[in-house]
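Visitor: Below you'll find entry-v6.pdb; it's PDB, C-alpha atoms.
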```pdb
ATOM      1  CA  MET A 208     -12.041  -9.986  21.626
ATOM      2  CA  SER A 209     -13.008  -9.353  18.003
ATOM      3  CA  PRO A 210     -15.934  -7.008  17.398
ATOM      4  CA  ARG A 211     -19.135  -8.268  15.828
ATOM      5  CA  ALA A 212     -21.062  -6.223  13.282
ATOM      6  CA  SER A 213     -23.968  -6.045  15.716
ATOM      7  CA  ASP A 214     -21.656  -4.500  18.353
ATOM      8  CA  VAL A 215     -20.446  -1.519  16.314
ATOM      9  CA  ALA A 216     -22.193   1.639  15.136
ATOM     10  CA  ALA A 217     -21.422   4.521  12.797
ATOM     11  CA  GLY A 218     -19.215   7.063  14.538
ATOM     12  CA  ASP A 219     -17.627   4.580  16.960
ATOM     13  CA  PRO A 220     -13.868   4.882  17.370
ATOM     14  CA  ALA A 221     -12.440   1.513  16.285
ATOM     15  CA  PHE A 222      -8.699   1.571  17.013
ATOM     16  CA  GLU A 223      -5.679   3.792  17.482
ATOM     17  CA  VAL A 224      -2.228   2.172  17.405
ATOM     18  CA  SER A 225       1.124   3.979  17.764
ATOM     19  CA  ARG A 226       4.416   2.813  16.321
ATOM     20  CA  VAL A 227       7.921   4.231  16.051
ATOM     21  CA  VAL A 228       9.245   4.080  12.479
ATOM     22  CA  THR A 229      12.781   2.664  12.444
ATOM     23  CA  ARG A 230      15.451   2.486   9.782
ATOM     24  CA  GLU A 231      15.697  -1.262  10.416
ATOM     25  CA  ASP A 232      11.988  -1.855   9.757
ATOM     26  CA  VAL A 233      12.060   0.267   6.588
ATOM     27  CA  ARG A 234      15.147  -1.621   5.397
ATOM     28  CA  THR A 235      13.375  -4.930   6.078
ATOM     29  CA  TYR A 236      10.309  -3.615   4.261
ATOM     30  CA  ALA A 237      12.357  -2.674   1.192
ATOM     31  CA  ASP A 238      13.790  -6.184   0.916
ATOM     32  CA  ALA A 239      10.517  -8.001   1.652
ATOM     33  CA  SER A 240       8.378  -5.884  -0.693
ATOM     34  CA  GLY A 241      10.997  -5.583  -3.417
ATOM     35  CA  ASP A 242      10.612  -1.789  -3.549
ATOM     36  CA  GLN A 243      14.266  -0.741  -3.620
ATOM     37  CA  ASN A 244      13.725   2.929  -4.521
ATOM     38  CA  PRO A 245      16.808   4.698  -3.044
ATOM     39  CA  LEU A 246      14.566   7.473  -1.654
ATOM     40  CA  HIS A 247      13.760   4.943   1.091
ATOM     41  CA  GLN A 248      17.334   3.779   1.696
ATOM     42  CA  ASP A 249      19.900   6.416   0.821
ATOM     43  CA  ASP A 250      20.033   9.652   2.834
ATOM     44  CA  VAL A 251      22.048  11.373   0.098
ATOM     45  CA  VAL A 252      19.362  10.637  -2.499
ATOM     46  CA  ALA A 253      16.587  11.698  -0.094
ATOM     47  CA  ARG A 254      18.354  15.005   0.727
ATOM     48  CA  ALA A 255      18.833  15.702  -2.965
ATOM     49  CA  ALA A 256      15.050  15.325  -3.295
ATOM     50  CA  GLY A 257      14.543  17.934  -0.555
ATOM     51  CA  PHE A 258      13.928  15.706   2.495
ATOM     52  CA  PRO A 259      15.959  15.713   5.748
ATOM     53  CA  GLY A 260      16.727  12.000   5.321
ATOM     54  CA  ILE A 261      15.210   8.800   3.966
ATOM     55  CA  VAL A 262      11.429   8.607   3.681
ATOM     56  CA  ALA A 263       9.430   5.527   4.678
ATOM     57  CA  HIS A 264       7.653   3.828   1.775
ATOM     58  CA  GLY A 265       4.028   4.929   1.559
ATOM     59  CA  MET A 266       3.308   1.226   1.331
ATOM     60  CA  TYR A 267       5.172   0.582   4.600
ATOM     61  CA  THR A 268       2.840   3.073   6.258
ATOM     62  CA  MET A 269      -0.207   1.551   4.532
ATOM     63  CA  GLY A 270       0.938  -1.937   5.589
ATOM     64  CA  THR A 271       1.279  -0.805   9.204
ATOM     65  CA  LEU A 272      -2.218   0.712   9.025
ATOM     66  CA  ALA A 273      -3.524  -2.586   7.580
ATOM     67  CA  SER A 274      -1.951  -4.413  10.537
ATOM     68  CA  ALA A 275      -3.871  -2.139  12.913
ATOM     69  CA  ILE A 276      -7.109  -2.895  11.029
ATOM     70  CA  VAL A 277      -6.425  -6.645  11.167
ATOM     71  CA  GLY A 278      -5.614  -6.365  14.887
ATOM     72  CA  TRP A 279      -8.989  -4.740  15.469
ATOM     73  CA  ALA A 280     -10.971  -7.108  13.224
ATOM     74  CA  GLY A 281      -9.199 -10.165  14.643
ATOM     75  CA  ASP A 282      -8.718 -11.848  11.258
ATOM     76  CA  ALA A 283      -6.568 -10.931   8.236
ATOM     77  CA  ASP A 284      -9.236 -12.297   5.850
ATOM     78  CA  ALA A 285     -11.788  -9.837   7.268
ATOM     79  CA  LEU A 286     -10.061  -7.003   5.386
ATOM     80  CA  VAL A 287     -11.488  -7.138   1.849
ATOM     81  CA  ARG A 288     -10.786  -3.669   0.463
ATOM     82  CA  MET A 289      -8.611  -0.705   1.349
ATOM     83  CA  LYS A 290      -8.054   2.592  -0.411
ATOM     84  CA  VAL A 291      -5.627   5.196   0.870
ATOM     85  CA  GLN A 292      -4.253   8.567  -0.146
ATOM     86  CA  PHE A 293      -0.653   9.434   0.707
ATOM     87  CA  ARG A 294      -0.465  13.051   1.839
ATOM     88  CA  ALA A 295       2.798  13.564   3.750
ATOM     89  CA  PRO A 296       6.201  11.895   4.116
ATOM     90  CA  VAL A 297       7.231   9.869   7.196
ATOM     91  CA  PHE A 298      10.800  10.160   8.464
ATOM     92  CA  MET A 299      12.902   7.797  10.588
ATOM     93  CA  GLY A 300      12.345   7.941  14.353
ATOM     94  CA  GLU A 301       8.896   9.484  14.040
ATOM     95  CA  THR A 302       5.920   7.976  15.850
ATOM     96  CA  ILE A 303       2.970   7.278  13.585
ATOM     97  CA  VAL A 304      -0.547   6.794  14.932
ATOM     98  CA  CYS A 305      -2.770   4.493  12.860
ATOM     99  CA  GLY A 306      -6.440   5.107  13.512
ATOM    100  CA  GLY A 307      -9.895   4.176  12.366
ATOM    101  CA  THR A 308     -13.513   5.038  13.086
ATOM    102  CA  VAL A 309     -16.661   3.291  11.931
ATOM    103  CA  ARG A 310     -18.272   5.102   9.006
ATOM    104  CA  SER A 311     -21.113   2.682   8.360
ATOM    105  CA  VAL A 312     -22.390  -0.747   9.313
ATOM    106  CA  ASP A 313     -24.713  -2.996   7.346
ATOM    107  CA  VAL A 314     -25.936  -5.449   9.959
ATOM    108  CA  ALA A 315     -27.599  -7.685   7.341
ATOM    109  CA  THR A 316     -24.405  -8.262   5.328
ATOM    110  CA  ARG A 317     -22.020  -7.565   8.291
ATOM    111  CA  VAL A 318     -20.026  -5.201   6.075
ATOM    112  CA  VAL A 319     -18.328  -2.400   8.013
ATOM    113  CA  ILE A 320     -16.753   0.629   6.329
ATOM    114  CA  LEU A 321     -14.022   2.346   8.331
ATOM    115  CA  ASP A 322     -12.548   5.808   7.882
ATOM    116  CA  VAL A 323      -8.828   5.216   8.391
ATOM    117  CA  TRP A 324      -5.799   7.486   8.727
ATOM    118  CA  VAL A 325      -2.190   7.785   9.856
ATOM    119  CA  ARG A 326      -1.060  10.921  11.665
ATOM    120  CA  LEU A 327       2.060  12.155  13.402
ATOM    121  CA  GLU A 328       3.329  15.202  15.262
ATOM    122  CA  ARG A 329       6.237  17.123  13.706
ATOM    123  CA  ASP A 330       7.624  20.474  14.893
ATOM    124  CA  GLY A 331       4.482  21.187  16.908
ATOM    125  CA  ALA A 332       2.118  20.499  13.999
ATOM    126  CA  THR A 333      -0.024  17.489  13.100
ATOM    127  CA  GLU A 334       0.801  15.864   9.767
ATOM    128  CA  TRP A 335      -1.374  13.294   7.990
ATOM    129  CA  PRO A 336       0.703  10.790   5.975
ATOM    130  CA  ILE A 337      -2.579   8.989   5.194
ATOM    131  CA  ARG A 338      -5.994  10.607   5.350
ATOM    132  CA  LYS A 339      -9.392  10.601   3.640
ATOM    133  CA  SER A 340      -8.953   6.866   3.286
ATOM    134  CA  GLU A 341     -11.186   3.878   3.839
ATOM    135  CA  ALA A 342     -11.282   0.173   4.532
ATOM    136  CA  GLU A 343     -14.012  -2.410   4.097
ATOM    137  CA  VAL A 344     -14.121  -5.121   6.728
ATOM    138  CA  TRP A 345     -16.404  -8.133   7.003
ATOM    139  CA  LEU A 346     -17.130  -8.934  10.623
ATOM    140  CA  ASP A 347     -18.924 -11.921  12.167
TER     141      ASP A 347
ATOM    142  CA  MET B 199      10.813  12.963 -21.541
ATOM    143  CA  ASP B 200       7.049  13.260 -21.033
ATOM    144  CA  LEU B 201       4.717  10.393 -20.263
ATOM    145  CA  ASN B 202       3.454   8.737 -23.395
ATOM    146  CA  ASP B 203      -0.372   8.843 -23.262
ATOM    147  CA  ALA B 204      -0.605   6.323 -26.082
ATOM    148  CA  LEU B 205       0.393   3.592 -23.623
ATOM    149  CA  GLN B 206      -2.897   3.905 -21.723
ATOM    150  CA  GLY B 207      -4.407   0.418 -21.770
ATOM    151  CA  LYS B 208      -1.109  -1.367 -22.260
ATOM    152  CA  THR B 209      -0.871  -4.704 -20.453
ATOM    153  CA  TYR B 210       2.540  -6.129 -19.601
ATOM    154  CA  PRO B 211       3.391  -9.839 -19.633
ATOM    155  CA  PRO B 212       2.427 -11.568 -16.360
ATOM    156  CA  VAL B 213       5.192 -12.116 -13.838
ATOM    157  CA  SER B 214       5.398 -15.280 -11.730
ATOM    158  CA  PHE B 215       5.874 -14.809  -7.985
ATOM    159  CA  ALA B 216       6.479 -17.480  -5.322
ATOM    160  CA  VAL B 217       5.110 -16.691  -1.859
ATOM    161  CA  GLU B 218       8.066 -17.687   0.320
ATOM    162  CA  ASP B 219       7.763 -18.088   4.069
ATOM    163  CA  ARG B 220      10.971 -16.227   4.900
ATOM    164  CA  ARG B 221       9.949 -13.201   2.874
ATOM    165  CA  VAL B 222       6.428 -13.215   4.346
ATOM    166  CA  ARG B 223       7.842 -13.343   7.889
ATOM    167  CA  ALA B 224      10.211 -10.430   7.183
ATOM    168  CA  PHE B 225       7.330  -8.410   5.724
ATOM    169  CA  ALA B 226       5.124  -9.240   8.721
ATOM    170  CA  THR B 227       7.839  -7.996  11.089
ATOM    171  CA  ALA B 228       8.317  -4.780   9.120
ATOM    172  CA  VAL B 229       4.612  -3.854   9.222
ATOM    173  CA  ALA B 230       3.886  -5.264  12.731
ATOM    174  CA  HIS B 231       1.334  -7.760  11.426
ATOM    175  CA  PRO B 232      -0.529  -9.522  14.257
ATOM    176  CA  GLY B 233      -0.711 -13.314  14.140
ATOM    177  CA  ASP B 234       0.935 -15.982  12.001
ATOM    178  CA  GLY B 235      -0.763 -15.471   8.630
ATOM    179  CA  VAL B 236       0.273 -13.591   5.517
ATOM    180  CA  PRO B 237      -0.227  -9.810   5.885
ATOM    181  CA  PRO B 238      -2.901  -8.633   3.412
ATOM    182  CA  THR B 239      -0.586  -5.992   1.973
ATOM    183  CA  PHE B 240       2.063  -8.617   1.180
ATOM    184  CA  VAL B 241       0.308  -8.519  -2.201
ATOM    185  CA  THR B 242       2.491  -5.429  -2.726
ATOM    186  CA  ALA B 243       5.454  -7.755  -3.364
ATOM    187  CA  PRO B 244       4.037  -9.406  -6.529
ATOM    188  CA  GLU B 245       2.593  -6.015  -7.495
ATOM    189  CA  VAL B 246       6.056  -4.441  -7.342
ATOM    190  CA  ALA B 247       7.545  -7.386  -9.220
ATOM    191  CA  ALA B 248       5.031  -7.023 -12.065
ATOM    192  CA  GLY B 249       4.359  -3.319 -12.098
ATOM    193  CA  LEU B 250       7.396  -1.331 -11.132
ATOM    194  CA  ALA B 251       9.772  -3.690 -12.877
ATOM    195  CA  ASN B 252       7.816  -3.480 -16.134
ATOM    196  CA  VAL B 253       6.749   0.145 -16.096
ATOM    197  CA  VAL B 254      10.026   1.662 -14.995
ATOM    198  CA  ALA B 255      11.847  -0.442 -17.559
ATOM    199  CA  ASP B 256       9.479   0.437 -20.437
ATOM    200  CA  PRO B 257      11.448   2.753 -22.749
ATOM    201  CA  ASP B 258       8.236   3.694 -24.601
ATOM    202  CA  LEU B 259       6.564   5.118 -21.479
ATOM    203  CA  GLY B 260       9.176   7.675 -20.426
ATOM    204  CA  LEU B 261       8.776   7.320 -16.654
ATOM    205  CA  ASP B 262      11.554   8.820 -14.514
ATOM    206  CA  LEU B 263      11.429   7.196 -11.064
ATOM    207  CA  ALA B 264      13.138  10.219  -9.511
ATOM    208  CA  GLN B 265      10.101  12.319 -10.533
ATOM    209  CA  VAL B 266       7.485   9.923  -9.128
ATOM    210  CA  LEU B 267       5.467  10.141  -5.922
ATOM    211  CA  HIS B 268       2.994   7.514  -4.764
ATOM    212  CA  GLY B 269      -0.351   9.306  -4.544
ATOM    213  CA  GLU B 270      -2.951   6.622  -3.916
ATOM    214  CA  GLN B 271      -3.151   2.890  -3.391
ATOM    215  CA  GLU B 272      -6.134   0.579  -3.425
ATOM    216  CA  TYR B 273      -6.474  -3.172  -2.880
ATOM    217  CA  GLU B 274      -9.395  -5.519  -3.214
ATOM    218  CA  TRP B 275      -8.826  -8.990  -1.871
ATOM    219  CA  ALA B 276     -10.773 -12.087  -2.892
ATOM    220  CA  ARG B 277      -8.656 -14.056  -0.418
ATOM    221  CA  GLY B 278      -5.312 -13.844   1.338
ATOM    222  CA  LEU B 279      -2.103 -15.100  -0.227
ATOM    223  CA  ARG B 280      -0.824 -18.456   1.070
ATOM    224  CA  VAL B 281       2.745 -19.398   1.864
ATOM    225  CA  GLY B 282       4.033 -21.907  -0.671
ATOM    226  CA  GLU B 283       1.807 -20.939  -3.577
ATOM    227  CA  THR B 284       2.988 -19.326  -6.790
ATOM    228  CA  VAL B 285       0.883 -16.517  -8.211
ATOM    229  CA  THR B 286       1.071 -14.432 -11.343
ATOM    230  CA  ALA B 287       0.801 -10.659 -11.399
ATOM    231  CA  GLU B 288      -0.281  -8.818 -14.522
ATOM    232  CA  ALA B 289       0.069  -5.040 -14.730
ATOM    233  CA  THR B 290      -1.935  -2.738 -16.984
ATOM    234  CA  ILE B 291      -1.631   1.013 -17.434
ATOM    235  CA  GLU B 292      -5.259   1.758 -16.654
ATOM    236  CA  ARG B 293      -5.202   5.509 -16.991
ATOM    237  CA  ILE B 294      -2.935   8.471 -17.667
ATOM    238  CA  ARG B 295      -4.447  11.846 -16.866
ATOM    239  CA  GLY B 296      -3.535  15.393 -15.936
ATOM    240  CA  ARG B 297      -1.880  18.113 -17.938
ATOM    241  CA  GLY B 298       1.157  20.285 -17.651
ATOM    242  CA  SER B 299       3.729  19.526 -14.986
ATOM    243  CA  MET B 300       1.573  17.079 -12.977
ATOM    244  CA  ARG B 301       0.498  13.778 -14.484
ATOM    245  CA  PHE B 302      -1.283  10.869 -12.812
ATOM    246  CA  LEU B 303      -0.614   7.307 -13.890
ATOM    247  CA  THR B 304      -2.882   4.564 -12.560
ATOM    248  CA  LEU B 305      -1.460   1.076 -12.737
ATOM    249  CA  ARG B 306      -3.788  -1.872 -12.153
ATOM    250  CA  THR B 307      -2.262  -5.196 -11.143
ATOM    251  CA  ILE B 308      -4.267  -8.411 -11.094
ATOM    252  CA  VAL B 309      -2.862 -11.238  -8.989
ATOM    253  CA  ARG B 310      -4.088 -14.711  -9.900
ATOM    254  CA  ASP B 311      -3.441 -18.125  -8.399
ATOM    255  CA  GLU B 312      -2.432 -21.364 -10.103
ATOM    256  CA  ALA B 313      -6.105 -22.062 -10.946
ATOM    257  CA  GLU B 314      -6.282 -18.643 -12.690
ATOM    258  CA  GLU B 315      -8.637 -17.371  -9.981
ATOM    259  CA  ILE B 316      -8.215 -13.737  -8.976
ATOM    260  CA  VAL B 317      -6.632 -13.405  -5.528
ATOM    261  CA  ALA B 318      -6.345  -9.621  -5.376
ATOM    262  CA  VAL B 319      -6.447  -6.505  -7.510
ATOM    263  CA  GLY B 320      -4.179  -3.554  -6.772
ATOM    264  CA  ARG B 321      -4.403  -0.020  -8.108
ATOM    265  CA  SER B 322      -1.471   2.348  -7.684
ATOM    266  CA  THR B 323      -1.761   5.971  -8.690
ATOM    267  CA  LEU B 324       1.619   7.551  -9.285
ATOM    268  CA  ILE B 325       2.060  11.309  -9.409
ATOM    269  CA  VAL B 326       4.611  12.166 -12.040
ATOM    270  CA  ARG B 327       6.200  15.617 -11.994
ATOM    271  CA  GLU B 328       7.371  16.689 -15.395
ATOM    272  CA  ASP B 329       9.910  19.442 -15.748
ATOM    273  CA  GLY B 330       9.870  21.922 -18.570
TER     274      GLY B 330
END
```
Transcribe the structure of this file into structure tokens.
Guide:
Amino acid sequence: MSPRASDVAAGDPAFEVSRVVTREDVRTYADASGDQNPLHQDDVVARAAGFPGIVAHGMYTMGTLASAIVGWAGDADALVRMKVQFRAPVFMGETIVCGGTVRSVDVATRVVILDVWVRLERDGATEWPIRKSEAEVWLD
Amino acid sequence: MDLNDALQGKTYPPVSFAVEDRRVRAFATAVAHPGDGVPPTFVTAPEVAAGLANVVADPDLGLDLAQVLHGEQEYEWARGLRVGETVTAEATIERIRGRGSMRFLTLRTIVRDEAEEIVAVGRSTLIVREDG
């Protein structure tokens, strides 16, 4: 059931979706997006850059977050703007949590601004691959 | 080699990009897109084709991909891409800022359809670490 602008209010939690990041999905993402940077495909290159292994594309993580937004809004065309900051790497096998809360609602125009983020747990600490980020969604 | 500030404002020739069903489906699987449509962030594919290909290859700019991190990304969509259409993507170096070992390069990519209408605008901010 898709939310309506009149049903949501500032401060409401909107969605939280978990997903395991796999080498296969990142490989598929590289081919489909055309971003063939070896940092995302070659463990040797990634280790030389100081990481334990390949790093997921920031855009893979943003795309997965966008999918969570679309799942909540119920319509891909509802997402009209998105701005994210990449703050931490994501490694293979990690579980990312894509989340959003309602920042503001304009009931007259049905424009909803969401605060959105991606977080994960690593070595007992919470990391934020995406934070201080926002999305603009037009609801019915 | 350091980033060449003089290239701020440079626009690269538009690149043509066909939205193919097979590629859209693979992308949708990779990002867990719900439903049958084109994922909004599929616009990354023409953006990469126009931007990365041009900017990385530009000998005048002096960008070393090994020294680049993706710092920020923004999209504004006028509409979603459609399977079967061919769009063009035009990349411009909107801004180069920062001093010393950390530089920020903002690349704006405008994606237009066959009627020249804007479909989406992307802005990528790359963090470029410069040694020495």
Visitor: Using all atoms listed in the file and a distance of at most 8 Å, pull out the residues of chain B that contact chain A, as a PyMOL selection string.
Guide: chain B and resi 221-222+224-225+227-232+235-240+242-243+246-247+268-278
Visitor: Apply the PyMOL selection byres ((chain B and resi 289) around 9) to the structure shown and report the selected residues as a ChimeraX atom specification.
Guide: /B:208-213,245,248-250,252-253,287-288,290-292,305-309
Visitor: Can you list what the PyMOL selection byres ((chain A and resi 213-220) around 7) grabs from this structure, as number ranges by chain?
Guide: A: 210-212, 221-222, 307-312, 314
Visitor: On this file, the PyMOL selection byres ((chain B and resi 264) around 12) gives some set of residues; write that set as an MDAnalysis selection string.
Guide: (chainID A and resid 244:247 252:253 255:257) or (chainID B and resid 254 260:263 265:268 324:329)
Visitor: Store the residues picked out above in a file with C-alpha atoms, as a PDB file, in the frame of the given file.
Guide:
```pdb
ATOM      1  CA  ASN A 244      13.725   2.929  -4.521  1.00  0.00           C
ATOM      2  CA  PRO A 245      16.808   4.698  -3.044  1.00  0.00           C
ATOM      3  CA  LEU A 246      14.566   7.473  -1.654  1.00  0.00           C
ATOM      4  CA  HIS A 247      13.760   4.943   1.091  1.00  0.00           C
ATOM      5  CA  VAL A 252      19.362  10.637  -2.499  1.00  0.00           C
ATOM      6  CA  ALA A 253      16.587  11.698  -0.094  1.00  0.00           C
ATOM      7  CA  ALA A 255      18.833  15.702  -2.965  1.00  0.00           C
ATOM      8  CA  ALA A 256      15.050  15.325  -3.295  1.00  0.00           C
ATOM      9  CA  GLY A 257      14.543  17.934  -0.555  1.00  0.00           C
TER      10      GLY A 257
ATOM     11  CA  VAL B 254      10.026   1.662 -14.995  1.00  0.00           C
ATOM     12  CA  GLY B 260       9.176   7.675 -20.426  1.00  0.00           C
ATOM     13  CA  LEU B 261       8.776   7.320 -16.654  1.00  0.00           C
ATOM     14  CA  ASP B 262      11.554   8.820 -14.514  1.00  0.00           C
ATOM     15  CA  LEU B 263      11.429   7.196 -11.064  1.00  0.00           C
ATOM     16  CA  GLN B 265      10.101  12.319 -10.533  1.00  0.00           C
ATOM     17  CA  VAL B 266       7.485   9.923  -9.128  1.00  0.00           C
ATOM     18  CA  LEU B 267       5.467  10.141  -5.922  1.00  0.00           C
ATOM     19  CA  HIS B 268       2.994   7.514  -4.764  1.00  0.00           C
ATOM     20  CA  LEU B 324       1.619   7.551  -9.285  1.00  0.00           C
ATOM     21  CA  ILE B 325       2.060  11.309  -9.409  1.00  0.00           C
ATOM     22  CA  VAL B 326       4.611  12.166 -12.040  1.00  0.00           C
ATOM     23  CA  ARG B 327       6.200  15.617 -11.994  1.00  0.00           C
ATOM     24  CA  GLU B 328       7.371  16.689 -15.395  1.00  0.00           C
ATOM     25  CA  ASP B 329       9.910  19.442 -15.748  1.00  0.00           C
TER      26      ASP B 329
END
```
Visitor: Between CA of Met300 in chain B and CA of Leu259 in chain B, measure the distance and give it in Å to one decimal.
Guide: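 So the two atoms, CA of Met300 in chain B and CA of Leu259 in chain B, lie 15.5 Å apart.
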Visitor: What is the CA of Ser322 in chain B to CA of Arg293 in chain B distance in Å?
Guide: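 So the answer is 10.5 Å.
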Visitor: By how many Å are CA of Val325 in chain A and CA of Cys305 in chain A apart?
Guide: 4.5 Å
Visitor: Under the rule that only C-alpha atoms are counted, which of A:Val319, A:Ala280, A:Val227, A:Ala263 is the nearest residue to Met208 in chain A?
Guide: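 Once distances to Met208 in chain A are computed over only C-alpha atoms, the minimum belongs to A:Ala280.
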Visitor: When you count all atoms listed in the file, which of these residues is closest to Asp200 in chain B: B:Ile294, B:Ala251, B:Ala318, B:Val281?
Guide: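 Among B:Ile294, B:Ala251, B:Ala318, B:Val281, it is B:Ile294 that comes nearest to Asp200 in chain B.
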